[in-house]
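Listing of model.cif, mmCIF, C-alpha atoms and all ligand atoms
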```
data_query
#
loop_
_atom_site.label_atom_id
_atom_site.label_comp_id
_atom_site.auth_asym_id
_atom_site.auth_seq_id
_atom_site.Cartn_x
_atom_site.Cartn_y
_atom_site.Cartn_z
CA MET A 1 0.00 0.00 0.00
CA THR A 2 2.44 2.61 -1.13
CA GLU A 3 1.46 5.96 -2.48
CA GLN A 4 2.38 4.87 -5.96
CA SER A 5 -0.25 2.18 -5.87
CA LEU A 6 -2.95 4.84 -5.58
CA THR A 7 -4.69 5.97 -8.66
CA VAL A 8 -4.25 9.70 -8.78
CA ILE A 9 -7.53 11.39 -9.51
CA SER A 10 -8.31 14.93 -10.48
CA CYS A 11 -10.44 17.38 -8.54
CA ALA A 12 -13.19 16.94 -11.10
CA GLU A 13 -13.22 13.18 -10.62
CA PHE A 14 -13.19 13.58 -6.87
CA GLN A 15 -16.05 16.06 -6.95
CA ASP A 16 -18.10 13.79 -9.15
CA HIS A 17 -18.18 11.36 -6.24
CA LEU A 18 -19.30 13.93 -3.68
CA PRO A 19 -23.07 13.41 -3.93
CA ASP A 20 -22.57 9.75 -3.05
CA LEU A 21 -19.92 10.42 -0.46
CA PHE A 22 -22.18 12.77 1.42
CA ALA A 23 -25.02 10.31 1.27
CA ASN A 24 -22.82 7.40 2.29
CA ALA A 25 -23.64 6.03 5.72
CA ASN A 26 -20.01 5.96 6.83
CA GLY A 27 -19.12 9.33 5.47
CA VAL A 28 -15.53 8.28 4.92
CA PRO A 29 -14.53 7.56 1.34
CA SER A 30 -13.83 3.85 1.18
CA ASP A 31 -12.05 4.25 -2.12
CA PRO A 32 -8.39 4.90 -1.23
CA ALA A 33 -7.97 7.15 -4.23
CA LEU A 34 -10.80 9.37 -3.05
CA LYS A 35 -9.54 9.35 0.49
CA HIS A 36 -6.06 10.23 -0.66
CA HIS A 37 -7.38 13.11 -2.71
CA LEU A 38 -9.45 14.39 0.20
CA ASP A 39 -6.43 14.20 2.51
CA THR A 40 -4.08 15.93 0.16
CA CYS A 41 -6.10 18.42 -1.87
CA GLU A 42 -6.61 21.62 0.03
CA ASN A 43 -9.24 22.87 -2.36
CA CYS A 44 -11.45 19.79 -2.27
CA SER A 45 -11.12 19.35 1.49
CA ALA A 46 -12.21 22.98 1.93
CA LEU A 47 -15.11 22.36 -0.41
CA VAL A 48 -16.20 19.30 1.54
CA ARG A 49 -15.87 21.25 4.78
CA ASP A 50 -17.98 24.10 3.43
CA LEU A 51 -20.72 21.82 2.15
CA GLN A 52 -20.81 19.92 5.39
CA TYR A 53 -20.91 23.20 7.23
CA ILE A 54 -23.89 24.35 5.18
CA ALA A 55 -25.72 21.13 5.90
CA ASP A 56 -24.94 21.40 9.61
CA GLN A 57 -26.03 25.03 9.77
CA ALA A 58 -29.27 24.23 7.99
CA ARG A 59 -29.96 21.54 10.54
CA MET A 60 -29.10 23.78 13.46
CA LEU A 61 -30.50 27.12 12.36
CA LEU A 62 -33.54 26.31 10.28
CA GLU A 63 -36.21 24.90 12.51
CA PRO A 64 -39.11 23.21 10.75
CA ALA A 65 -41.56 25.41 12.62
CA ASP A 66 -40.07 28.87 12.53
CA GLU A 67 -42.84 30.83 10.95
CA GLU A 68 -46.37 31.71 11.94
CA PRO A 69 -49.13 32.03 9.35
CA SER A 70 -51.38 35.07 9.58
CA ASP A 71 -54.79 34.77 11.25
CA ASP A 72 -56.42 35.02 7.83
CA VAL A 73 -55.41 31.45 7.14
CA TRP A 74 -57.50 30.05 9.97
CA SER A 75 -60.45 32.32 9.18
CA GLY A 76 -60.31 31.09 5.60
CA ILE A 77 -60.27 27.48 6.72
CA GLN A 78 -63.19 28.00 9.10
CA HIS A 79 -65.16 29.81 6.47
CA LYS A 80 -64.71 27.00 3.94
CA LEU A 81 -65.47 24.30 6.49
CA ASP A 82 -68.63 26.13 7.57
CA SER A 83 -69.90 26.47 4.04
CA GLU A 84 -69.12 22.83 3.31
CA ARG A 85 -71.03 21.80 6.42
CA ALA A 86 -73.96 23.98 5.45
CA GLU A 87 -74.07 22.36 2.02
CA ALA A 88 -73.95 18.89 3.53
CA LEU A 89 -76.91 19.56 5.82
CA PRO A 90 -80.39 18.85 4.53
CA THR A 91 -82.30 22.01 3.79
CA PRO A 92 -84.29 22.97 6.88
CA PRO A 93 -88.06 22.81 6.44
CA LEU A 94 -89.66 26.15 5.70
CA PRO A 95 -91.27 27.79 8.73
CA SER A 96 -94.99 27.33 8.58
CA MET B 1 -35.87 2.99 13.88
CA ASN B 2 -32.22 3.02 14.93
CA ASP B 3 -31.32 2.53 11.38
CA ILE B 4 -33.04 5.66 10.26
CA MET B 5 -31.63 7.68 13.09
CA SER B 6 -28.07 6.57 12.62
CA SER B 7 -27.89 6.76 8.87
CA GLU B 8 -29.01 10.32 8.83
CA HIS B 9 -26.55 13.10 8.18
CA THR B 10 -23.61 10.90 8.81
CA ALA B 11 -21.26 12.45 6.34
CA THR B 12 -19.56 14.28 9.19
CA ASN B 13 -16.47 12.14 9.01
CA LEU B 14 -15.83 13.38 5.53
CA GLN B 15 -14.50 16.57 6.88
CA GLY B 16 -11.65 17.49 9.11
CA PRO B 17 -12.38 19.28 12.35
CA PRO B 18 -15.57 21.30 12.09
CA LEU B 19 -15.25 24.97 11.26
CA THR B 20 -17.27 25.98 14.22
CA GLN B 21 -18.08 24.08 17.31
CA ALA B 22 -21.64 22.94 17.26
CA PRO B 23 -23.53 24.29 20.25
CA ALA B 24 -23.08 22.06 23.25
CA GLY B 25 -26.73 21.06 23.31
CA PRO B 26 -26.75 18.34 20.70
CA LYS B 27 -29.41 18.32 18.09
CA PRO B 28 -30.01 14.64 17.82
CA VAL B 29 -33.63 15.25 17.06
CA GLN B 30 -33.01 15.34 13.36
CA GLY B 31 -35.02 12.74 11.56
CA LEU B 32 -37.86 10.99 13.24
CA PHE B 33 -38.04 13.08 16.36
CA LYS B 34 -37.46 16.38 14.70
CA ARG B 35 -40.17 15.46 12.28
CA ASN B 36 -42.53 13.77 14.69
CA PRO B 37 -42.24 15.13 18.15
CA PRO B 38 -44.85 13.57 20.39
CA ILE B 39 -47.55 16.13 21.12
CA ALA B 40 -49.73 16.08 24.21
CA GLY B 41 -53.43 15.96 23.51
CA GLU B 42 -52.97 15.26 19.83
CA ALA B 43 -54.41 11.76 19.81
CA GLU B 44 -57.60 12.90 21.55
CA ALA B 45 -57.96 15.82 19.17
CA ILE B 46 -57.61 13.51 16.18
CA GLU B 47 -60.33 11.21 17.43
CA ALA B 48 -62.62 14.14 18.16
CA ALA B 49 -61.89 15.69 14.77
CA LYS B 50 -63.01 12.46 13.12
CA THR B 51 -66.44 13.08 14.57
CA GLY B 52 -66.42 16.58 13.14
CA ASP B 53 -65.76 18.42 16.38
CA PRO B 54 -64.83 22.02 15.41
CA GLU B 55 -62.87 22.50 18.65
CA ALA B 56 -60.69 19.57 17.70
CA PHE B 57 -60.02 21.03 14.26
CA SER B 58 -59.00 24.25 15.90
CA LYS B 59 -56.68 22.41 18.26
CA LEU B 60 -55.03 20.42 15.47
CA TYR B 61 -54.56 23.58 13.50
CA ALA B 62 -52.94 25.32 16.45
CA LEU B 63 -50.64 22.37 17.02
CA HIS B 64 -49.44 22.05 13.44
CA LYS B 65 -49.88 25.40 11.73
CA ARG B 66 -46.30 26.57 12.18
CA ARG B 67 -44.85 23.33 10.91
CA VAL B 68 -47.03 23.24 7.84
CA TYR B 69 -46.73 26.92 7.07
CA THR B 70 -42.96 26.99 7.46
CA LEU B 71 -42.61 24.04 5.12
CA CYS B 72 -44.86 25.70 2.54
CA LEU B 73 -43.02 28.97 2.87
CA ARG B 74 -39.61 27.39 2.45
CA MET B 75 -40.65 25.32 -0.52
CA LEU B 76 -42.67 28.01 -2.29
CA GLY B 77 -40.63 31.00 -1.22
CA ASN B 78 -43.61 33.32 -1.09
CA VAL B 79 -45.88 34.32 1.78
CA SER B 80 -49.20 34.53 0.01
CA GLU B 81 -48.77 31.24 -1.83
CA ALA B 82 -47.58 29.64 1.38
CA GLU B 83 -50.68 30.84 3.22
CA ASP B 84 -52.96 29.57 0.48
CA MET B 85 -51.20 26.25 0.55
CA THR B 86 -51.42 26.03 4.34
CA GLN B 87 -55.13 26.61 4.08
CA GLU B 88 -55.42 23.92 1.40
CA ALA B 89 -53.38 21.48 3.46
CA PHE B 90 -55.59 21.83 6.52
CA LEU B 91 -58.77 21.68 4.48
CA HIS B 92 -57.53 18.44 2.94
CA LEU B 93 -56.59 17.22 6.35
CA PHE B 94 -59.98 17.91 7.87
CA ARG B 95 -61.81 16.36 4.93
CA LYS B 96 -59.70 13.23 5.03
CA ILE B 97 -59.05 12.84 8.70
CA GLY B 98 -61.53 9.96 8.83
CA SER B 99 -59.09 7.91 6.80
CA PHE B 100 -56.20 8.49 9.20
CA ARG B 101 -55.55 5.12 10.81
CA GLY B 102 -52.59 6.01 12.95
CA GLU B 103 -50.18 3.69 11.15
CA SER B 104 -47.75 6.53 10.74
CA ALA B 105 -47.33 9.51 13.02
CA PHE B 106 -49.99 12.10 12.43
CA SER B 107 -47.42 14.78 11.67
CA THR B 108 -45.78 12.52 9.08
CA TRP B 109 -49.13 12.02 7.44
CA LEU B 110 -49.92 15.73 7.46
CA HIS B 111 -46.46 16.52 6.26
CA ARG B 112 -46.65 14.18 3.28
CA LEU B 113 -49.99 15.59 2.39
CA THR B 114 -48.53 19.10 2.49
CA VAL B 115 -45.49 18.16 0.42
CA ASN B 116 -47.74 16.55 -2.18
CA LEU B 117 -49.91 19.63 -2.40
CA VAL B 118 -46.89 21.89 -2.76
CA LEU B 119 -45.53 19.63 -5.49
CA MET B 120 -48.82 19.71 -7.33
CA GLN B 121 -48.79 23.46 -7.09
CA LEU B 122 -45.24 23.73 -8.39
CA ARG B 123 -46.01 21.40 -11.26
CA LYS B 124 -49.07 23.44 -12.10
CA LYS B 125 -46.80 26.44 -12.31
CA GLY B 126 -44.70 24.58 -14.82
CA LEU B 127 -41.88 23.33 -12.65
CA GLN B 128 -41.13 19.84 -13.84
CA LEU B 129 -39.84 17.82 -10.94
CA VAL B 130 -40.45 14.49 -12.50
CA SER B 131 -38.13 11.93 -13.98
CA LEU B 132 -35.22 13.33 -15.93
CA GLU B 133 -32.29 15.11 -14.43
CA GLU B 134 -32.71 17.96 -16.89
CA THR B 135 -36.25 18.66 -15.86
CA ILE B 136 -35.46 18.97 -12.20
CA ASN B 137 -32.41 21.04 -13.01
CA PRO B 138 -32.56 24.77 -13.14
CA SER B 139 -31.24 26.54 -16.18
CA GLU B 140 -27.52 26.49 -16.87
CA GLU B 141 -26.77 29.88 -15.43
CA ASP B 142 -28.48 28.91 -12.18
CA ALA B 143 -26.38 25.81 -11.86
CA PRO B 144 -23.52 25.98 -9.39
CA LYS B 145 -20.07 26.42 -10.83
CA ARG B 146 -17.54 23.69 -10.34
CA ASP B 147 -14.72 24.43 -7.98
CA PHE B 148 -11.35 23.24 -9.17
CA GLY B 149 -8.99 25.31 -7.18
CA SER B 150 -9.97 28.88 -7.63
CA ARG B 151 -8.68 31.21 -4.97
CA ASP B 152 -12.19 31.91 -3.82
CA PRO B 153 -12.62 32.56 -0.16
CA HIS B 154 -14.08 29.70 1.79
CA LEU B 155 -16.89 29.98 4.23
CA THR B 156 -15.79 30.93 7.67
CA GLY B 157 -18.53 29.57 9.77
CA SER B 158 -20.38 32.67 10.78
CA VAL B 159 -23.54 32.24 8.76
CA ASP B 160 -26.56 33.44 10.67
CA ARG B 161 -30.10 32.20 10.35
CA VAL B 162 -31.45 35.17 8.41
CA THR B 163 -28.66 35.01 5.85
CA LEU B 164 -29.05 31.29 5.43
CA GLU B 165 -32.83 31.51 5.18
CA ARG B 166 -32.46 34.20 2.52
CA ALA B 167 -29.97 32.13 0.57
CA VAL B 168 -32.24 29.10 0.68
CA ALA B 169 -35.13 31.24 -0.54
CA SER B 170 -33.14 32.31 -3.56
CA LEU B 171 -32.28 28.77 -4.64
CA PRO B 172 -33.97 27.55 -7.81
CA PRO B 173 -37.17 25.69 -6.79
CA GLY B 174 -35.95 22.19 -7.65
CA TYR B 175 -32.81 22.57 -5.56
CA ARG B 176 -34.68 24.29 -2.77
CA MET B 177 -37.17 21.48 -2.53
CA VAL B 178 -34.58 18.75 -2.09
CA PHE B 179 -32.48 20.85 0.26
CA VAL B 180 -35.42 21.69 2.51
CA LEU B 181 -36.68 18.13 2.56
CA HIS B 182 -33.27 16.63 3.31
CA ASP B 183 -31.24 19.13 5.29
CA VAL B 184 -34.03 20.92 7.13
CA GLU B 185 -36.81 18.36 7.41
CA GLY B 186 -34.55 15.34 7.72
CA TYR B 187 -36.02 13.18 4.97
CA GLU B 188 -33.86 10.43 3.52
CA HIS B 189 -32.98 10.31 -0.15
CA ASN B 190 -35.21 7.32 -0.80
CA GLU B 191 -38.17 9.12 0.76
CA ILE B 192 -37.47 12.23 -1.28
CA ALA B 193 -37.12 10.15 -4.43
CA THR B 194 -40.55 8.65 -3.79
CA MET B 195 -42.12 12.04 -3.19
CA LEU B 196 -40.52 13.71 -6.17
CA GLU B 197 -40.84 10.65 -8.38
CA CYS B 198 -37.17 10.69 -9.22
CA SER B 199 -34.26 8.36 -8.56
CA THR B 200 -32.30 8.44 -5.30
CA GLY B 201 -29.24 9.30 -7.38
CA ASN B 202 -31.14 12.27 -8.68
CA SER B 203 -32.07 13.32 -5.17
CA LYS B 204 -28.45 13.04 -4.03
CA SER B 205 -27.17 15.04 -6.96
CA GLN B 206 -29.84 17.73 -6.52
CA LEU B 207 -28.96 18.04 -2.87
CA HIS B 208 -25.29 18.35 -3.71
CA LYS B 209 -25.97 21.02 -6.30
CA ALA B 210 -28.21 22.85 -3.88
CA ARG B 211 -25.44 22.98 -1.29
CA LEU B 212 -22.93 24.09 -3.92
CA LYS B 213 -25.30 26.82 -5.00
CA LEU B 214 -25.83 27.88 -1.41
CA ARG B 215 -22.12 28.09 -0.92
CA GLU B 216 -21.92 30.44 -3.86
CA LEU B 217 -24.84 32.50 -2.61
CA LEU B 218 -23.39 32.73 0.87
CA ARG B 219 -20.05 33.81 -0.50
CA GLU B 220 -21.76 36.44 -2.58
CA SER B 221 -23.68 37.70 0.40
CA GLY B 222 -20.28 38.93 1.54
CA GLN B 223 -20.73 39.91 5.12
CA THR B 224 -20.48 36.40 6.47
CA LEU B 225 -17.43 35.52 4.46
CA GLN B 226 -13.78 36.24 4.68
CA PRO B 227 -10.88 34.53 3.04
CA ALA B 228 -9.84 31.39 4.86
CA VAL B 229 -6.38 32.82 5.47
CA LEU B 230 -7.82 35.80 7.23
CA LYS B 231 -9.87 33.54 9.42
CA GLU B 232 -6.75 31.69 10.47
CA ALA B 233 -4.97 34.95 11.22
CA VAL B 234 -7.78 36.19 13.42
CA ARG B 235 -7.70 33.17 15.64
ZN ZN C 1 -9.11 18.39 -5.40
#
```
As structure tokens, please, write out the structure in this file.
Ligand SMILES: [Zn+2]
Amino acid sequence: MTEQSLTVISCAEFQDHLPDLFANANGVPSDPALKHHLDTCENCSALVRDLQYIADQARMLLEPADEEPSDDVWSGIQHKLDSERAEALPTPPLPS
Amino acid sequence: MNDIMSSEHTATNLQGPPLTQAPAGPKPVQGLFKRNPPIAGEAEAIEAAKTGDPEAFSKLYALHKRRVYTLCLRMLGNVSEAEDMTQEAFLHLFRKIGSFRGESAFSTWLHRLTVNLVLMQLRKKGLQLVSLEETINPSEEDAPKRDFGSRDPHLTGSVDRVTLERAVASLPPGYRMVFVLHDVEGYEHNEIATMLECSTGNSKSQLHKARLKLRELLRESGQTLQPAVLKEAVR
């Protein structure tokens, strides 16, 4: 397992593997050529760091329930539900 | 269950030491718990809503409105459309609640319903999310540039919520969708693929492009960025 035995890959080739690497359950490139590139290429390791950072920040900063809808939304829902209910009811008998 | 929890967002080892320390309070709630926190009184409200109890509707709305609205807002990127969609989602919910059998968590059910409605809306507006890579892709000029060693500054790790939220909002809709579903909502690629009717490979590549695009947008936003060298010097 000397360095010479590693296939040297370009940044483009390395970056082509990134979507899978990020989705990979282990997170560590199992391909020695990829791992070697990640360890030695400053540019690609910074890229990976940035993308991971973005993902982490999204998870930490963007809560799934951050925003509050205006009260109009509920009034609209109630209004529609009421009119649907009214339609579903049998017509009341006419007052005699 | 463990499987889902542990396989989520596990790319951490790809990187060296993190740029910033994550806050001490861990956020392990990503995934199932972030998506489906147990809610007191929910089960009773669901049962009552099935009988048409208006109070129960009101309670379910109060419990879930922020979740649903935030999702709509992030995916649609527009307040008035998001409010319309929230209204639609709850109307659907109340009409169909009788068919909710409790096999999945209620919030998952509601969430799926909302995502489907948003997707229908986006498709109606002409956004093709289906099948081919090209159709989910934004136009060429929207696509992130490749990074092969330019001397661009790298992110420094001082992105705040407002800046990030703004950057996400300016992503092309196809990217935004996958990013929000995966990185914010905690869906897995196979779940996203099912929802968007695309391949998991497609979902992975869209997510990757979304993050690349965000990186560009965050760099452009300027204030949160400084060259990596500078960052080192400041420390
Ligand atoms: Zn490289």
Completion exercise
Residue with the minimum atom-to-atom distance to ligand ZN 1 (chain C), picked from A:Glu42, A:Lys35, A:Gln57, A:Thr7 with all atoms listed in the file counted, is A:Glu42
Handout entry: Env. residues ligand ZN 1 (chain C) / 6 Å / all atoms listed in the file / as a list in words
Key =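 So the residues close to ligand ZN 1 (chain C) are Cys11, Cys41, Asn43 and Cys44 of chain A.
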Handout entry: Nearest candidate to chain B (options A:Ala55, A:Glu13, A:Pro32, A:Val8; using all atoms listed in the file)
Key =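 Ranked by minimum distance to chain B, first place goes to A:Ala55.
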Practice task
Go through B:Gly41, B:Pro54, B:Gly102, B:Pro173 and flag the residue nearest chain A, using only C-alpha atoms for the distances.
Solution key: B:Pro54
Problem - Pairwise distance for atom CA of B:Met120 and atom CA of B:Ser170, rounded to one decimal in Å - result: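 These atoms are spaced 20.5 Å apart.
Among the candidate residues B:Leu164, B:His208, B:Ala169, B:Arg112, the one lying nearest to B:Leu196 is B:Arg112, with distances computed using all atoms listed in the file.
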Problem - Two-atom distance - atom CA of B:Leu93, atom CA of B:Leu110 (Å) - result: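 The value is 6.9 Å.
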Completion exercise
Between atom CA of B:Leu171 and atom CA of B:Leu214 lies a distance of 7.3 Å
Practice task
Determine the nearest neighbour of chain B from the options A:Ile9, A:Leu34, A:Ala23, A:Ala88, counting only C-alpha atoms.
Solution key: A:Ala23
Exercise for the section: Write out as a list in words which residues come within 12 Å of A:Asp72 when counting only C-alpha atoms, dropping same-chain ones fewer than 5 positions away. Expected result: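 In the requested format, the answer is Ile77, Gln78 and His79 of chain A; Ser80, Glu83, Asp84, Thr86 and Gln87 of chain B.
Closest approach to B:Glu44 among B:Phe90, B:Phe106, B:Tyr187, B:Asn116: B:Phe106, based on all atoms listed in the file.
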